[in-house]
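What follows is a set of notes on a single structure, which appears directly below.
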Amino acid sequence: MTDKTACDRFERSLDAYLGDALASREREAARRHASSCPKCLARLTLQDPLQIFLPLSAETPSSRVTDGFWDTVRAGIERERAAGKREAVPMHPVRPGRLAAFAGRGFTPIAIAASLLVMVLAAWLAAVAPALFAPLDRNDRSASGAGIARAAAAPLPRVSAVAAGNPLPQTLENVRTDDARDVQIYSMTWLDQDASSGHDPNQVTELILIVDAGLKL
Amino acid sequence: MVSGVRSRMFDERALIRLCRHGDQRSFEQLVALKRDKAIRVAFNIVGDEDDAKDVAQQAFIKLWGVIRGYDETMRFDPWFFKIVVNLAIDQYRRTQRRSVTLAGPAALESAESHPEAGLSAPGADVPLMRHELRGIFNRLAAGLGPVQRAVFTLKEIEGAETEEIASILGIRESTVRNHLMQARRILKEGLRRWYPEYAKDFNR
């Protein structure tokens with residue numbers, strides 16, 4: 001839009017734009033106008049020469065770059081699948097400052113403490129409220145290849161929050177080992193969104209706890 | 001116009017929901033929707049079109065792996081561009097290391113001795129051609145650190161809010177402002193030195 005009204009409107013908002021004082025919608029409108037109107041862009045760059053780079057926001061990639069783009073992405077997805085890379089399980093994205101920050105700084109001792117807490121909690125629950133846990137099918141050995149048989153199809157209980165902001169067990173499974181021990185598997189996953197933690201900020205972190213009450217230490 | 005924007009947002013949400021349920025055809029549409037911006041943002045950070053393409057493709061592959069975990073109450077673009085920007089920063093760091101190892105300071109000297117010719121100043125009759133602008137930006141931005149470059153790209157070129165940039169980069173808003181100030185200072189100095197026709201009315 002390079003009509004006079006738009007140019008007048010832009011000129012009126014120029015100072016506010018340069019002072020970063022426009023609301024986001026007005027700011028976006030001003031940016032769009034300036035990047036497509038050479039006259040207003042020139043007016044803007046007289047005030048702030050670095051605004052000459054604004055038209056780069058309207059740049060579209062060449063066909064050399066876009067041709068075959070999706071095919072490569074799809075091949076990459078297939079490759080990841082073939083490599084057996086596990087896809088992310090449903091998880092709670094955590095904002096920086098909460099779990100991610102906690103995970104980045106001194107994570108190990110806190111994780112150990114959290115693991116112990118969960119183990120104690122699970123052992124206590126199993127002792128005082130066994131009905132909370134799904135009944136096990138003692139004859140089910142169908143999936144015992146990995147040494148563990150999954151419990152029968154009874155609905156699995158979800159473990160409720162222990163404390164807001166901490167990694168919470170998201171799934172709980174009762175399983176029976178080949179040598180007939182009953183164990184509980186807790187799984188917690190989260191997305192580390194804190195780049196400053198030094199971890200890969202998009203990495204899915206998973207913590208699995210196996211609680212084996214019958215294990216002899 | 002507003003209803004068009006709403007409808008587009010609704011379509012995007014529906015698309016993302018389908019992607020979260022593993023619909024690859026919807027994911028292809030989502031890639032088509034976000035591809036150009038992803039390549040552009042990556043290009044502005046890595047400074048090379050082929051590297052930018054690789055970064056954007058890697059970002060989409062990664063996105064497919066984690067999209068099931070996307071919380072639909074959060075805005076999608078900052079969440080997705082966090083992947084793009086971080087991959088681009090990693091790529092830029094690798095490239096910087098490579099060029100320092102292979103070329104050393106000679107590369108900078110060589111760039112300094114060949115400033116682009118025939119550029120049009122702002123306000124001139126002939127508008128600055130975009131590829132010339134791209135050349136100027138790539139040359140000046142080579143003097144920026146990866147995070148400074150990402151901050152400048154997101155703030156001054158993409159028009160993102162400081163808060164959003166802080167969330168994308170996982171740093172504080174004050175750190176974003178600091179990086180932006182440094183980036184602007186370096187770019188202004190470069191502009192003044194190599195392209196004084198754009199800096200003659202420097203008063204900020």
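Ligands are numbered from 1 in the order shown, residues from 1 within each chain, and chains are lettered A, B, ... in the order they appear in the structure tokens.
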Report task. Would you kindly return, as number ranges by chain, each protein, DNA or RNA residue with an atom no farther than 8 Å from any atom of segment 83-87 of chain B, considering only C-alpha atoms and excluding same-chain residues fewer than 5 positions away? Result -> A: 201-202; B: 38, 41-42, 45, 55-56, 58-59, 62-63, 150, 168-169
Preceding selection exported with C-alpha atoms as an mmCIF file, in the first residue's frame:
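Output file part.cif is given in full below:
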```cif
data_model
loop_
_atom_site.group_PDB
_atom_site.id
_atom_site.type_symbol
_atom_site.label_atom_id
_atom_site.label_comp_id
_atom_site.auth_asym_id
_atom_site.auth_seq_id
_atom_site.Cartn_x
_atom_site.Cartn_y
_atom_site.Cartn_z
ATOM 1 C CA PRO A 201 17.100 -26.190 24.073
ATOM 2 C CA ASN A 202 14.844 -28.397 22.018
ATOM 3 C CA ALA B 38 12.245 -20.271 8.309
ATOM 4 C CA VAL B 41 15.469 -16.167 9.360
ATOM 5 C CA ALA B 42 18.130 -18.867 9.004
ATOM 6 C CA ILE B 45 21.751 -15.655 10.782
ATOM 7 C CA VAL B 55 19.062 -25.417 8.770
ATOM 8 C CA ALA B 56 15.394 -24.948 7.837
ATOM 9 C CA GLN B 58 16.698 -29.838 9.887
ATOM 10 C CA ALA B 59 14.340 -27.630 11.892
ATOM 11 C CA LYS B 62 13.125 -31.888 14.346
ATOM 12 C CA LEU B 63 9.705 -30.258 14.533
ATOM 13 C CA ALA B 150 20.101 -13.587 15.768
ATOM 14 C CA ILE B 168 13.278 -17.838 21.654
ATOM 15 C CA LEU B 169 16.893 -17.474 22.751
#
```
With a cut-off of 8 Å, could you pull out the residues of chain B touching chain A and give me the nearest pair of atoms for each, distance in Å to one decimal, using only C-alpha atoms, ordered by chain and ascending number, as a Markdown table?
```
| residue | atom | partner | partner_atom | distance |
| --- | --- | --- | --- | --- |
| B:Glu28 | CA | A:Trp70 | CA | 6.9 |
| B:Val31 | CA | A:Trp70 | CA | 7.4 |
| B:Ala32 | CA | A:Trp70 | CA | 8.0 |
| B:Asp36 | CA | A:Thr60 | CA | 6.1 |
| B:Lys37 | CA | A:Thr60 | CA | 7.9 |
| B:Ile39 | CA | A:Pro61 | CA | 6.9 |
| B:Arg40 | CA | A:Pro61 | CA | 6.9 |
| B:Glu49 | CA | A:Val65 | CA | 7.3 |
| B:Asp50 | CA | A:Val65 | CA | 7.1 |
| B:Lys53 | CA | A:Val65 | CA | 6.3 |
| B:Gln57 | CA | A:Val73 | CA | 5.5 |
| B:Gln58 | CA | A:Val73 | CA | 7.4 |
| B:Phe60 | CA | A:Val73 | CA | 6.7 |
| B:Ile61 | CA | A:Ile77 | CA | 5.6 |
| B:Trp64 | CA | A:Ile77 | CA | 7.4 |
| B:Gly65 | CA | A:Glu87 | CA | 5.2 |
| B:Val66 | CA | A:Ala88 | CA | 5.2 |
| B:Ile67 | CA | A:Ala88 | CA | 7.9 |
| B:Arg68 | CA | A:Pro90 | CA | 5.9 |
| B:Gly69 | CA | A:Pro90 | CA | 4.7 |
| B:Tyr70 | CA | A:Pro93 | CA | 7.0 |
| B:Asp71 | CA | A:Pro93 | CA | 6.5 |
| B:Lys82 | CA | A:Asn202 | CA | 7.9 |
| B:Ile83 | CA | A:Asn202 | CA | 6.4 |
| B:Asn86 | CA | A:Pro201 | CA | 7.7 |
| B:Pro122 | CA | A:Ala42 | CA | 5.0 |
| B:Gly123 | CA | A:Ala42 | CA | 4.8 |
| B:Pro127 | CA | A:Pro38 | CA | 6.6 |
| B:Arg130 | CA | A:Leu56 | CA | 7.3 |
| B:Leu133 | CA | A:Phe53 | CA | 6.9 |
| B:Arg134 | CA | A:Leu56 | CA | 7.3 |
| B:Phe137 | CA | A:Phe53 | CA | 7.1 |
| B:Glu156 | CA | A:Leu54 | CA | 6.9 |
| B:Ile157 | CA | A:Ser57 | CA | 5.3 |
| B:Glu158 | CA | A:Ser57 | CA | 5.7 |
| B:Gly159 | CA | A:Glu28 | CA | 7.1 |
| B:Glu161 | CA | A:Ser24 | CA | 7.9 |
| B:Ser167 | CA | A:Pro96 | CA | 7.7 |
| B:Leu169 | CA | A:Ala195 | CA | 6.1 |
| B:Gly170 | CA | A:Ala195 | CA | 4.7 |
| B:Ile171 | CA | A:Ser196 | CA | 6.2 |
| B:Arg184 | CA | A:Leu50 | CA | 7.5 |
| B:Leu187 | CA | A:Leu50 | CA | 7.5 |
| B:Lys188 | CA | A:Leu50 | CA | 6.9 |
| B:Tyr198 | CA | A:Pro49 | CA | 6.1 |
| B:Ala199 | CA | A:Pro49 | CA | 6.0 |
| B:Asp201 | CA | A:Leu46 | CA | 5.7 |
| B:Phe202 | CA | A:Pro49 | CA | 6.9 |
| B:Asn203 | CA | A:Gln47 | CA | 6.8 |
| B:Arg204 | CA | A:Asp48 | CA | 6.5 |
```
Produce a file of the selected residues containing C-alpha atoms, as an mmCIF file, in the first residue's frame.
```cif
data_model
loop_
_atom_site.group_PDB
_atom_site.id
_atom_site.type_symbol
_atom_site.label_atom_id
_atom_site.label_comp_id
_atom_site.auth_asym_id
_atom_site.auth_seq_id
_atom_site.Cartn_x
_atom_site.Cartn_y
_atom_site.Cartn_z
ATOM 1 C CA GLU B 28 3.600 -30.973 4.500
ATOM 2 C CA VAL B 31 6.043 -26.828 6.117
ATOM 3 C CA ALA B 32 4.784 -24.961 3.043
ATOM 4 C CA ASP B 36 9.906 -19.121 3.541
ATOM 5 C CA LYS B 37 10.166 -17.408 6.903
ATOM 6 C CA ILE B 39 14.698 -20.046 5.407
ATOM 7 C CA ARG B 40 14.785 -16.242 5.623
ATOM 8 C CA GLU B 49 21.597 -19.675 1.284
ATOM 9 C CA ASP B 50 22.545 -23.363 1.134
ATOM 10 C CA LYS B 53 18.163 -24.345 3.502
ATOM 11 C CA GLN B 57 15.070 -28.564 6.703
ATOM 12 C CA GLN B 58 16.698 -29.838 9.887
ATOM 13 C CA PHE B 60 11.280 -29.151 10.207
ATOM 14 C CA ILE B 61 12.600 -32.691 10.689
ATOM 15 C CA TRP B 64 8.065 -33.458 13.320
ATOM 16 C CA GLY B 65 9.762 -35.290 16.161
ATOM 17 C CA VAL B 66 8.543 -32.950 18.889
ATOM 18 C CA ILE B 67 5.283 -31.495 17.593
ATOM 19 C CA ARG B 68 3.216 -33.969 19.589
ATOM 20 C CA GLY B 69 4.503 -32.255 22.685
ATOM 21 C CA TYR B 70 3.514 -28.761 21.537
ATOM 22 C CA ASP B 71 1.216 -27.049 24.008
ATOM 23 C CA LYS B 82 13.297 -21.423 18.757
ATOM 24 C CA ILE B 83 14.301 -24.590 16.901
ATOM 25 C CA ASN B 86 19.155 -22.354 17.702
ATOM 26 C CA PRO B 122 18.331 5.538 0.129
ATOM 27 C CA GLY B 123 16.178 8.182 -1.391
ATOM 28 C CA PRO B 127 15.697 1.744 -5.205
ATOM 29 C CA ARG B 130 17.414 -6.484 -2.788
ATOM 30 C CA LEU B 133 21.072 -5.088 0.176
ATOM 31 C CA ARG B 134 21.617 -8.750 0.971
ATOM 32 C CA PHE B 137 23.976 -7.100 5.213
ATOM 33 C CA GLU B 156 15.028 -5.301 13.232
ATOM 34 C CA ILE B 157 14.239 -7.519 10.258
ATOM 35 C CA GLU B 158 11.455 -9.784 11.509
ATOM 36 C CA GLY B 159 9.984 -7.227 13.901
ATOM 37 C CA GLU B 161 9.063 -8.201 20.348
ATOM 38 C CA SER B 167 11.904 -16.562 24.977
ATOM 39 C CA LEU B 169 16.893 -17.474 22.751
ATOM 40 C CA GLY B 170 16.317 -18.423 26.368
ATOM 41 C CA ILE B 171 17.928 -15.243 27.668
ATOM 42 C CA ARG B 184 23.539 -1.942 16.077
ATOM 43 C CA LEU B 187 26.598 -2.488 11.993
ATOM 44 C CA LYS B 188 26.511 1.309 12.171
ATOM 45 C CA TYR B 198 23.880 5.370 3.809
ATOM 46 C CA ALA B 199 25.294 6.900 6.962
ATOM 47 C CA ASP B 201 22.580 11.536 8.044
ATOM 48 C CA PHE B 202 23.595 9.580 11.091
ATOM 49 C CA ASN B 203 22.055 11.331 13.993
ATOM 50 C CA ARG B 204 21.070 8.445 16.251
#
```
Query raised in the report: Can you tell me how far atom CA of Leu180 of chain B sits from atom CA of Ala6 of chain A, in Å to one decimal?
Result: 29.0 Å
Report summary line: Atom pair atom CA of Gly143 of chain B + atom CA of Ser35 of chain A, distance 24.6 Å
Query raised in the report: Quick one, how far is atom CA of Asp3 of chain A from atom CA of Tyr17 of chain A?
Result: 19.3 Å
Report task. Name the residues of segment 14-184 of chain B that fall into helix (DSSP H, G or I) according to DSSP on the backbone, using the chain letters and numbers of this document, as a count of residues only. Result -> 129
Query raised in the report: With only C-alpha atoms as the atoms that count, which of B:Ala88, B:Val147, B:Ala141, B:Val176 lies nearest to Ala160 of chain B?
Result: B:Val176
